[in-house]
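Shown next, in structure tokens, is the structure this report addresses.
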Amino acid sequence: MTGAREASVARPVPRDPAARAAWDVAATVTDPEVPVLTIEDLGVLRSVSVDDDGGVHVELTPTYSGCPAMDAMRDDVVLALTHAGYDEVDVRMVLSPAWTTDWMSESGKDKLRTYGIQAPSGSAPVRDAGPIRVQLAVKCPRCDSLNTRELARFGSTSCKALYECRDCLEPFDYFKVL
Amino acid sequence: MSGETPDLGGRVGAEPRIETDPHGDVTVDRVALAEEFAGEAAGAGHAASADVAAYALGLGDDALVLAQRLGDWITRAPELEEDVALGNIALDLLGHARSLLHYAGTHDGRSEDDLAYFRDEPEFRNAWLFEQPNGDFAHTIARQLVASTYLVELYRRVEASTDATLAAIAAKASKEVDYHRDHAIQWTLRLAGGTDESRRRMLRAVEQTWPYVDELFRDDEVVARLVDEGIAPRPSSLREPFDAVIDQVFAEADLARPEGRTAFVVDGRGREGKHTEHLGPLLAEMQVLARAHPGASW
């Protein structure tokens, strides 16, 4: 990123046709840990441009600082673009602006629920919240009950917490608001 | 961290060697960093200055050493969910450590792995709090409460740093340590208000952790210069907001800060490379593989 950090947009799809074509290829890459979501659905794909020599430049942003899936996503973007005929591809990770679950697409949220993971409920706080928080109800992705409880604040990956439905008695993952 | 190439901000070269299995044996021929990692933000094209590198090293070591400590809880926590929670917190901290050490290394051309695995104890710049043993679960929670409350206040202010790289790292880390703080607060309330035994242990943990709090808020010459340039917040200025949050939590948990004339405060010198006896064994375990097999990767 250069200069002033611009206001974030969820999906900065390029207008330039060449860049758009490359974006569409990169956008097919999925999250290895949540394979129903593409990196475009996640809002992790930040920019794609094609230079005069045909080189493709892609920027991704990590969901969490230590997320090990980022390396896999980066390699998969190179793979997808190489298979699509682009010879020179570079992928860079950018930290700013910081990723937020607000960038997740509505269709991505639907896909998550169908997959059995509840999508983030609500949006990221706009200002610093106090230290003691209330928790919003999280709906069961299977039976839509709001009668659920948090089993663990952390889950199988950085981005999830573990919940249990008290009506259908199934445990489920919840994609945390960030 | 793998012993191989730093993966942060990887840039795959002109001829990526793509095999059929993309995750099997990944080869990255050339690694160039995104501008914000390499210190070229805003087109300045500079590596971290000596002062900024020293500052980033201190913050990076705090995160790295705490990540290593917390990782030790995996398979040993009171319940499976806490194995996962502390492991996840450690992973976030490791992410911060990688970004910060990487940036610190741009000053003299060392990689994050050089800094993590091939420095000896006196070269580490973490504050003493972070190297203290895990103790029982209450000790770890008390240390997490102090560490995450401090880090939330710190990173929120570093987000406004005139150094674009530090600002970007802080903006990312800020949201994560906020969740860590929430975890620590929930457990503080639960242990302090739980059984007689959990309360007894929480009280003891707070008492034994508090002597290490002061060092986090001590100003030094390097930071003073960075404060003047708008790069870093003055550590002593974080004390008041830190205390305000702790007081709010402690009021809820019916705990008190062990302060006043009788309170014991350690003379922590971690930022000068002087450490307690606990850091050495931690580093030995963390570094042994990389030193026994330099350049190993998997």
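Chain labels A, B, ... are given in the sequence in which chains occur in the structure tokens; within each chain residues are numbered consecutively from 1, and ligands are likewise numbered from 1 in the order shown.
For A:Gly155, the non-local neighbours within 9 Å, defined as residues at least 5 positions apart in the same chain or in other chains and counting only C-alpha atoms, are Lys160, Ala161, Leu162, Asp173 and Tyr174 of chain A; Glu81, Val84, Ala85 and Asn88 of chain B.
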Atoms to include: C-alpha atoms. Write the selected residues as a compact mmCIF listing (two decimals), in the first residue's frame.
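And here's again_21.txt as it stands now:
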# COMPACT_ATOMS: atom_id res chain seq x y z
CA LYS A 160 -13.97 -19.26 14.37
CA ALA A 161 -15.56 -19.89 17.76
CA LEU A 162 -17.38 -23.06 18.79
CA ASP A 173 -18.67 -23.32 14.17
CA TYR A 174 -19.28 -19.58 14.23
CA GLU B 81 -11.28 -25.60 24.72
CA VAL B 84 -7.44 -24.37 21.53
CA ALA B 85 -7.93 -20.86 22.90
CA ASN B 88 -4.99 -19.58 18.88
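Within 10 Å of stretch 245-252 of chain B, once only C-alpha atoms are used and residues closer than 4 positions along the same chain are dropped, the contacting residues are Gly130, Pro131 and Ile132 of chain A; Leu145, Val146, Thr149, Tyr150, Glu153, Ile185, Gln186, Thr188, Leu189, Ala192, Gly193, Glu240, Pro241, Ala256 and Arg257 of chain B.
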Considering only C-alpha atoms, tabulate each residue of chain A that lies at most 7 Å from chain B along with its nearest interatomic pair and the corresponding distance in Å to one decimal; arrange the rows by chain and ascending residue number and present them as a tab-separated table.
residue	atom	partner	partner_atom	distance
A:Met1	CA	B:Glu36	CA	6.7
A:Thr2	CA	B:Ala42	CA	4.7
A:Gly3	CA	B:Ala42	CA	4.5
A:Tyr64	CA	B:Asp92	CA	6.8
A:Ser65	CA	B:Gly95	CA	4.5
A:Gly66	CA	B:Gly95	CA	3.8
A:Asp71	CA	B:Asp7	CA	6.9
A:Ala72	CA	B:His23	CA	6.7
A:Asp75	CA	B:Pro22	CA	6.7
A:Asp76	CA	B:Pro22	CA	6.8
A:Leu79	CA	B:Ile18	CA	6.7
A:Glu88	CA	B:Ala14	CA	5.0
A:Val89	CA	B:Ala14	CA	6.7
A:Asp90	CA	B:Val12	CA	5.2
A:Val91	CA	B:Arg11	CA	5.1
A:Arg92	CA	B:Gly9	CA	5.1
A:Met93	CA	B:Gly9	CA	4.4
A:Val94	CA	B:Ala34	CA	6.4
A:Leu95	CA	B:Ala168	CA	5.7
A:Ser96	CA	B:Ala168	CA	5.2
A:Ala98	CA	B:Lys172	CA	5.2
A:Pro131	CA	B:Val245	CA	6.6
A:Ala152	CA	B:Glu81	CA	5.6
A:Arg153	CA	B:Ala85	CA	6.8
A:Phe154	CA	B:Ala85	CA	4.9
A:Gly155	CA	B:Val84	CA	6.5
A:Ser158	CA	B:Asn88	CA	5.9
A:Leu178	CA	B:Lys175	CA	6.9
Given the selection you just returned, output its residues as a file containing N, CA and C atoms, formatted as a short mmCIF file (atom, residue, chain, number, x, y, z; two decimals), in the first residue's frame.
data_model
loop_
_atom_site.label_atom_id
_atom_site.label_comp_id
_atom_site.auth_asym_id
_atom_site.auth_seq_id
_atom_site.Cartn_x
_atom_site.Cartn_y
_atom_site.Cartn_z
N MET A 1 0.85 -1.18 0.00
CA MET A 1 0.00 0.00 0.00
C MET A 1 0.89 1.23 0.00
N THR A 2 0.49 2.19 -0.73
CA THR A 2 1.29 3.41 -0.73
C THR A 2 0.43 4.58 -0.27
N GLY A 3 1.09 5.55 0.26
CA GLY A 3 0.42 6.79 0.61
C GLY A 3 -0.66 6.62 1.64
N TYR A 64 -6.24 -13.15 9.71
CA TYR A 64 -5.59 -13.00 11.03
C TYR A 64 -4.09 -13.00 10.80
N SER A 65 -3.36 -12.28 11.67
CA SER A 65 -1.91 -12.12 11.49
C SER A 65 -1.18 -13.45 11.35
N GLY A 66 -1.61 -14.44 12.12
CA GLY A 66 -0.86 -15.70 12.11
C GLY A 66 -1.51 -16.79 11.29
N ASP A 71 -0.60 -18.66 3.32
CA ASP A 71 0.46 -19.14 2.43
C ASP A 71 -0.14 -20.03 1.33
N ALA A 72 -1.10 -20.87 1.74
CA ALA A 72 -1.74 -21.76 0.78
C ALA A 72 -2.55 -20.96 -0.24
N ASP A 75 -0.20 -19.38 -2.77
CA ASP A 75 0.29 -20.35 -3.75
C ASP A 75 -0.81 -20.72 -4.74
N ASP A 76 -2.04 -20.84 -4.24
CA ASP A 76 -3.15 -21.22 -5.11
C ASP A 76 -3.47 -20.12 -6.13
N LEU A 79 -0.97 -20.50 -8.81
CA LEU A 79 -1.30 -21.70 -9.58
C LEU A 79 -2.45 -21.43 -10.55
N GLU A 88 3.81 -14.47 -15.77
CA GLU A 88 4.47 -13.80 -14.65
C GLU A 88 3.42 -13.32 -13.64
N VAL A 89 3.52 -13.88 -12.44
CA VAL A 89 2.51 -13.57 -11.43
C VAL A 89 3.22 -13.23 -10.13
N ASP A 90 2.92 -12.13 -9.53
CA ASP A 90 3.41 -11.96 -8.18
C ASP A 90 2.25 -11.63 -7.23
N VAL A 91 2.36 -12.21 -6.06
CA VAL A 91 1.32 -12.04 -5.06
C VAL A 91 1.96 -11.43 -3.83
N ARG A 92 1.37 -10.37 -3.36
CA ARG A 92 1.90 -9.73 -2.16
C ARG A 92 0.85 -9.67 -1.07
N MET A 93 1.34 -9.72 0.16
CA MET A 93 0.42 -9.62 1.29
C MET A 93 0.46 -8.18 1.77
N VAL A 94 -0.71 -7.61 1.94
CA VAL A 94 -0.76 -6.26 2.50
C VAL A 94 -1.56 -6.28 3.79
N LEU A 95 -1.13 -5.50 4.76
CA LEU A 95 -1.80 -5.51 6.07
C LEU A 95 -2.81 -4.38 6.21
N SER A 96 -2.65 -3.38 5.39
CA SER A 96 -3.45 -2.19 5.59
C SER A 96 -4.23 -1.86 4.33
N ALA A 98 -6.72 -3.06 7.46
CA ALA A 98 -6.87 -4.37 8.07
C ALA A 98 -8.19 -5.02 7.69
N PRO A 131 -14.25 -2.53 27.99
CA PRO A 131 -13.64 -3.84 28.23
C PRO A 131 -14.62 -4.96 28.53
N ALA A 152 -16.78 -22.51 23.23
CA ALA A 152 -15.40 -22.04 23.33
C ALA A 152 -15.25 -20.77 22.50
N ARG A 153 -14.49 -19.83 23.03
CA ARG A 153 -14.32 -18.54 22.33
C ARG A 153 -13.40 -18.68 21.13
N PHE A 154 -12.71 -19.80 21.07
CA PHE A 154 -11.79 -20.04 19.96
C PHE A 154 -12.14 -21.39 19.36
N GLY A 155 -11.86 -21.55 18.09
CA GLY A 155 -12.23 -22.80 17.43
C GLY A 155 -11.09 -23.42 16.65
N SER A 158 -8.28 -19.71 13.42
CA SER A 158 -8.26 -18.39 14.06
C SER A 158 -9.59 -17.65 13.96
N LEU A 178 -14.93 -9.64 13.19
CA LEU A 178 -13.62 -9.00 13.43
C LEU A 178 -13.61 -7.66 12.71
#
Next on the checklist: I'd like the interatomic distance between atom CA of A:Gly55 and atom CA of B:Ala47, to a tenth of an Å.
Outcome noted: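 About the pair atom CA of A:Gly55 and atom CA of B:Ala47: they are 26.3 Å apart.
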Checklist entry - Using only C-alpha atoms, which of the listed residues (A:Asp144, A:Asp87, A:Glu40, A:Glu59) sits closest to A:Met104? => result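 For A:Met104, the nearest of the given residues is A:Glu40.
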Item to check | alpha helix (DSSP H) call set, DSSP backbone run, stretch 53-172 of chain A, as a ChimeraX atom specification | outcome: /A:69-83,106-115
Write out the residues from the selection above, keeping N, CA and C atoms, as a PDB file, in the first residue's frame.
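Final output, selection33.pdb:
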ATOM      1  N   ALA A  69      -3.319 -20.392   6.650  1.00  0.00           N
ATOM      2  CA  ALA A  69      -3.957 -20.627   5.352  1.00  0.00           C
ATOM      3  C   ALA A  69      -3.535 -19.594   4.317  1.00  0.00           C
ATOM      4  N   MET A  70      -2.983 -18.467   4.763  1.00  0.00           N
ATOM      5  CA  MET A  70      -2.623 -17.411   3.820  1.00  0.00           C
ATOM      6  C   MET A  70      -1.557 -17.867   2.831  1.00  0.00           C
ATOM      7  N   ASP A  71      -0.601 -18.660   3.318  1.00  0.00           N
ATOM      8  CA  ASP A  71       0.457 -19.143   2.428  1.00  0.00           C
ATOM      9  C   ASP A  71      -0.139 -20.032   1.330  1.00  0.00           C
ATOM     10  N   ALA A  72      -1.099 -20.867   1.741  1.00  0.00           N
ATOM     11  CA  ALA A  72      -1.740 -21.757   0.779  1.00  0.00           C
ATOM     12  C   ALA A  72      -2.554 -20.956  -0.239  1.00  0.00           C
ATOM     13  N   MET A  73      -3.250 -19.943   0.228  1.00  0.00           N
ATOM     14  CA  MET A  73      -4.051 -19.117  -0.686  1.00  0.00           C
ATOM     15  C   MET A  73      -3.142 -18.407  -1.690  1.00  0.00           C
ATOM     16  N   ARG A  74      -2.030 -17.929  -1.188  1.00  0.00           N
ATOM     17  CA  ARG A  74      -1.098 -17.232  -2.074  1.00  0.00           C
ATOM     18  C   ARG A  74      -0.588 -18.173  -3.158  1.00  0.00           C
ATOM     19  N   ASP A  75      -0.201 -19.378  -2.767  1.00  0.00           N
ATOM     20  CA  ASP A  75       0.291 -20.346  -3.751  1.00  0.00           C
ATOM     21  C   ASP A  75      -0.807 -20.725  -4.744  1.00  0.00           C
ATOM     22  N   ASP A  76      -2.042 -20.841  -4.238  1.00  0.00           N
ATOM     23  CA  ASP A  76      -3.154 -21.216  -5.113  1.00  0.00           C
ATOM     24  C   ASP A  76      -3.473 -20.120  -6.130  1.00  0.00           C
ATOM     25  N   VAL A  77      -3.293 -18.870  -5.752  1.00  0.00           N
ATOM     26  CA  VAL A  77      -3.525 -17.765  -6.695  1.00  0.00           C
ATOM     27  C   VAL A  77      -2.503 -17.846  -7.827  1.00  0.00           C
ATOM     28  N   VAL A  78      -1.251 -18.110  -7.461  1.00  0.00           N
ATOM     29  CA  VAL A  78      -0.207 -18.240  -8.483  1.00  0.00           C
ATOM     30  C   VAL A  78      -0.546 -19.408  -9.410  1.00  0.00           C
ATOM     31  N   LEU A  79      -0.965 -20.500  -8.809  1.00  0.00           N
ATOM     32  CA  LEU A  79      -1.298 -21.702  -9.576  1.00  0.00           C
ATOM     33  C   LEU A  79      -2.454 -21.433 -10.549  1.00  0.00           C
ATOM     34  N   ALA A  80      -3.510 -20.801 -10.047  1.00  0.00           N
ATOM     35  CA  ALA A  80      -4.693 -20.545 -10.869  1.00  0.00           C
ATOM     36  C   ALA A  80      -4.348 -19.634 -12.041  1.00  0.00           C
ATOM     37  N   LEU A  81      -3.580 -18.596 -11.774  1.00  0.00           N
ATOM     38  CA  LEU A  81      -3.252 -17.647 -12.843  1.00  0.00           C
ATOM     39  C   LEU A  81      -2.278 -18.271 -13.835  1.00  0.00           C
ATOM     40  N   THR A  82      -1.356 -19.084 -13.341  1.00  0.00           N
ATOM     41  CA  THR A  82      -0.411 -19.748 -14.227  1.00  0.00           C
ATOM     42  C   THR A  82      -1.146 -20.708 -15.160  1.00  0.00           C
ATOM     43  N   HIS A  83      -2.088 -21.451 -14.595  1.00  0.00           N
ATOM     44  CA  HIS A  83      -2.875 -22.360 -15.424  1.00  0.00           C
ATOM     45  C   HIS A  83      -3.718 -21.605 -16.438  1.00  0.00           C
ATOM     46  N   GLU A 106     -22.468 -11.227   0.837  1.00  0.00           N
ATOM     47  CA  GLU A 106     -23.718 -11.852   1.287  1.00  0.00           C
ATOM     48  C   GLU A 106     -23.819 -13.279   0.772  1.00  0.00           C
ATOM     49  N   SER A 107     -23.387 -13.479  -0.494  1.00  0.00           N
ATOM     50  CA  SER A 107     -23.465 -14.845  -1.030  1.00  0.00           C
ATOM     51  C   SER A 107     -22.485 -15.744  -0.269  1.00  0.00           C
ATOM     52  N   GLY A 108     -21.357 -15.162   0.145  1.00  0.00           N
ATOM     53  CA  GLY A 108     -20.395 -15.924   0.944  1.00  0.00           C
ATOM     54  C   GLY A 108     -21.011 -16.337   2.274  1.00  0.00           C
ATOM     55  N   LYS A 109     -21.762 -15.421   2.880  1.00  0.00           N
ATOM     56  CA  LYS A 109     -22.405 -15.743   4.162  1.00  0.00           C
ATOM     57  C   LYS A 109     -23.425 -16.868   3.988  1.00  0.00           C
ATOM     58  N   ASP A 110     -24.179 -16.807   2.871  1.00  0.00           N
ATOM     59  CA  ASP A 110     -25.152 -17.874   2.605  1.00  0.00           C
ATOM     60  C   ASP A 110     -24.448 -19.222   2.428  1.00  0.00           C
ATOM     61  N   LYS A 111     -23.320 -19.175   1.694  1.00  0.00           N
ATOM     62  CA  LYS A 111     -22.581 -20.424   1.454  1.00  0.00           C
ATOM     63  C   LYS A 111     -22.053 -20.994   2.769  1.00  0.00           C
ATOM     64  N   LEU A 112     -21.596 -20.098   3.642  1.00  0.00           N
ATOM     65  CA  LEU A 112     -21.087 -20.540   4.942  1.00  0.00           C
ATOM     66  C   LEU A 112     -22.168 -21.272   5.732  1.00  0.00           C
ATOM     67  N   ARG A 113     -23.364 -20.668   5.776  1.00  0.00           N
ATOM     68  CA  ARG A 113     -24.463 -21.255   6.557  1.00  0.00           C
ATOM     69  C   ARG A 113     -24.835 -22.618   6.010  1.00  0.00           C
ATOM     70  N   THR A 114     -24.910 -22.701   4.668  1.00  0.00           N
ATOM     71  CA  THR A 114     -25.238 -23.982   4.047  1.00  0.00           C
ATOM     72  C   THR A 114     -24.185 -25.028   4.403  1.00  0.00           C
ATOM     73  N   TYR A 115     -22.966 -24.575   4.543  1.00  0.00           N
ATOM     74  CA  TYR A 115     -21.849 -25.468   4.862  1.00  0.00           C
ATOM     75  C   TYR A 115     -21.869 -25.878   6.344  1.00  0.00           C
TER      76      TYR A 115
END
Item to check | Nearby residues (only C-alpha atoms) at most 6 Å from A:Leu60, same-chain spacing under 6 positions excluded, as an MDAnalysis selection string | outcome: chainID A and resid 44:46 93
Can I get the selected residues back with N, CA and C atoms, as a compact mmCIF listing (two decimals), in the first residue's frame?
# COMPACT_ATOMS: atom_id res chain seq x y z
N VAL A 44 -10.62 -11.09 0.95
CA VAL A 44 -9.17 -11.17 1.15
C VAL A 44 -8.41 -10.73 -0.11
N LEU A 45 -9.10 -10.84 -1.26
CA LEU A 45 -8.50 -10.40 -2.52
C LEU A 45 -8.62 -8.89 -2.60
N ARG A 46 -7.49 -8.20 -2.57
CA ARG A 46 -7.53 -6.74 -2.43
C ARG A 46 -7.31 -5.98 -3.73
N MET A 93 1.34 -9.72 0.16
CA MET A 93 0.42 -9.62 1.29
C MET A 93 0.46 -8.18 1.77
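Around B:Asp72, within 9 Å and counting only C-alpha atoms, the residues found are Ala67, Gln68, Arg76, Gly87 and Asn134 of chain B, once anything fewer than 4 positions away on its own chain is removed.
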Please, could you write that set of residues out with N, CA and C atoms as an mmCIF file, in the first residue's frame?
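Generated file (result36.cif):
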data_model
loop_
_atom_site.group_PDB
_atom_site.id
_atom_site.type_symbol
_atom_site.label_atom_id
_atom_site.label_comp_id
_atom_site.auth_asym_id
_atom_site.auth_seq_id
_atom_site.Cartn_x
_atom_site.Cartn_y
_atom_site.Cartn_z
ATOM 1 N N ALA B 67 4.155 -15.948 22.819
ATOM 2 C CA ALA B 67 3.599 -17.003 21.953
ATOM 3 C C ALA B 67 4.207 -18.351 22.326
ATOM 4 N N GLN B 68 5.510 -18.370 22.538
ATOM 5 C CA GLN B 68 6.193 -19.611 22.895
ATOM 6 C C GLN B 68 5.699 -20.124 24.254
ATOM 7 N N ARG B 76 -2.139 -29.313 27.796
ATOM 8 C CA ARG B 76 -1.995 -29.243 29.258
ATOM 9 C C ARG B 76 -3.018 -28.331 29.925
ATOM 10 N N GLY B 87 -3.749 -21.750 22.263
ATOM 11 C CA GLY B 87 -3.015 -22.024 21.021
ATOM 12 C C GLY B 87 -3.319 -20.976 19.957
ATOM 13 N N ASN B 134 4.531 -20.131 33.004
ATOM 14 C CA ASN B 134 3.074 -20.204 32.926
ATOM 15 C C ASN B 134 2.420 -20.325 34.293
#
Checklist entry - To one decimal place, how far is atom CA of A:Ala137 from atom CA of A:Cys165 in Å? => result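 Between atom CA of A:Ala137 and atom CA of A:Cys165 the gap is 11.2 Å.
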Checklist entry - If you measure from atom CA of B:Leu166 to atom CA of A:Thr157, what distance in Å do you get, rounded to one decimal? => result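 Atom CA of A:Thr157 lies 25.8 Å from atom CA of B:Leu166.
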